[in-house]
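For reference, the structure is listed below as structure tokens.
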Amino acid sequence: MSTEIGKILCVILHYGSENDTNTCVESILGEKKLDIVISDNDPSQSYEPPEHLRKFVRVVKTGGLAGFSEGNNIGVNAFLTDDHESVFILNNDTVVIEGAVDFLRESLKLNGVGAVGPCMPFLDMPDRIWACGGFINRLTLAVGALQPLSAAPYEVDYLPGAAILCRSDIWKKIGGLSENYFLAYEEVEFALEVKKLDFKVIADPRAVVLHKVGMSSQQKPEYYYNSIRNRIRFAKYLYGSKIGFLFGTIIMLASARARILKKDRVKILIWREAVRDEYKGAPLDKKALQLIALRYKL
């Protein structure tokens with residue numbers, strides 16, 4: 001294994017708290033050959049690094065309307081060069097523990113590995129693990145976080161999008177994160193695309209990145225709508241457009257049935273609208289989610 005340290009392009013997607021973003025940057029300032037880019041996807045488009053960080057980061061503006069995939073892709077596409085051996089996608093609500101990047105680098109150099117992710121405890125409860133890789137259930141279309149399976153790196157179905165280190169040549173072949181999703185499931189499809197190229201996706205429990213869980217998972221109308229369309233889109237990716245739509249819709253009937261039994265009229269209406277919009281091929285973007293948020297108040 002080569003001991004030469006290659007350059008990493010680290011893209012931090014900024015949304016919401018500038019303090020979170022700055023803290024995240026500060027946690028990786030000591031890393032060697034790390035080019036840090038802030039992809040500003042906050043609607044205000046006002047992020048500017050404080051003076052003590054200014055010389056360490058570059059900022060690209062997304063327009064404030066991009067989804068998770070597009071926001072990250074914009075940052076990568078703006079600054080990825082042939083000098084970068086890998087791409088590091090990092091949420092702004094994370095804190096990278098010292099040594100984590102070195103472990104991830106080491107694992108990425110293992111034979112046949114295309115992407116690697118860290119073990120992620122909760123930021124406010126560091127003794128509890130949020131995720132250490134993830135699993136995919138192709139029958140229910142459910143995905144979820146794994147607890148550590150061993151002390152050494154191991155293969156997983158996918159890596160949560162909060163922190164992923166990927167070989168840059170693989171990133172280029174795949175074309176980055178799929179912009180077919182607005183938020184969630186893009187990292188799941190990405191992992192499957194890495195595997196289609198005959199590379200492994202692994203989690204390295206030695207690498208630790210703390211994560212402030214909950215910022216993007218609130219139970220709001222737009223998130224419920226997004227989750228339904230995501231699962232149907234993921235089914236279409238797995239099984240083809242027609243069969244996938246039918247399969248995804250049937251699977252999501254379980255969600256609708258639960259809402260009917262609870263007499264949750266608003267959620268039932270959102271479910272119907274999500275299925276109808278996916279059938280019609282309506283855009284799944286910031287504007288669509290904003291309309292759902294305005295139309296339904298839970």
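A note on labels: chains of the structure tokens are A, B, ... as shown, every chain counts residues from 1, and ligands are counted from 1 in their shown order.
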
Which residues of region 189-251 of chain A come within 9 Å of region 116-134 of chain A, and for each one, what is the closest pair of atoms and their distance in Å to one decimal, counting only C-alpha atoms, sorted by chain and residue number, as a tab-separated table?
```
residue	atom	partner	partner_atom	distance
A:Lys200	CA	A:Val116	CA	8.5
A:Val201	CA	A:Val116	CA	5.8
A:Ile202	CA	A:Val116	CA	4.9
A:Ala203	CA	A:Gly117	CA	4.8
A:Asp204	CA	A:Pro118	CA	5.2
A:Pro205	CA	A:Cys119	CA	4.8
A:Arg206	CA	A:Cys119	CA	7.2
A:Ala207	CA	A:Pro118	CA	4.8
A:Val208	CA	A:Cys119	CA	5.0
A:Val209	CA	A:Met120	CA	5.0
A:Leu210	CA	A:Leu123	CA	4.8
A:His211	CA	A:Leu123	CA	4.9
A:Lys212	CA	A:Leu123	CA	5.0
A:Val213	CA	A:Phe122	CA	6.5
```

For this session: Name the residues of region 75-232 of chain A that come out as helix (DSSP H, G or I) in a backbone DSSP run; write them as a ChimeraX atom specification.
Result: /A:75-79,100-108,168-174,186-196,221-232

Using only C-alpha atoms, find each residue in region 105-144 of chain A having at least one atom no more than 10 Å away from region 242-257 of chain A; report its shortest atom-to-atom pair and that distance in Å (one decimal), rows by chain then rising number, as CSV.
```
residue,atom,partner,partner_atom,distance
A:Leu139,CA,A:Ile251,CA,8.5
A:Thr140,CA,A:Ile251,CA,6.4
A:Leu141,CA,A:Gly248,CA,7.7
A:Ala142,CA,A:Ile251,CA,9.8
```

Would you output that residue set with C-alpha atoms, as a PDB file, in the first residue's frame?
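Wrote it out as part-v7.pdb, contents follow:
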```
ATOM      1  CA  LEU A 139     -38.428  -5.804  -0.542  1.00  0.00           C
ATOM      2  CA  THR A 140     -39.736  -2.997   1.675  1.00  0.00           C
ATOM      3  CA  LEU A 141     -37.568  -0.246   0.107  1.00  0.00           C
ATOM      4  CA  ALA A 142     -36.539   0.667   3.654  1.00  0.00           C
TER       5      ALA A 142
END
```

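The nearest approach to Leu90 (chain A) among the residues A:Asp42, A:Ala162, A:Val60, A:Leu9, with only C-alpha atoms taken into account, belongs to A:Ala162.
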
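Nearest to Ala163 (chain A) of all the residues A:Phe56, A:Tyr223, A:Phe88, A:Trp271 is A:Phe88, based on only C-alpha atoms.
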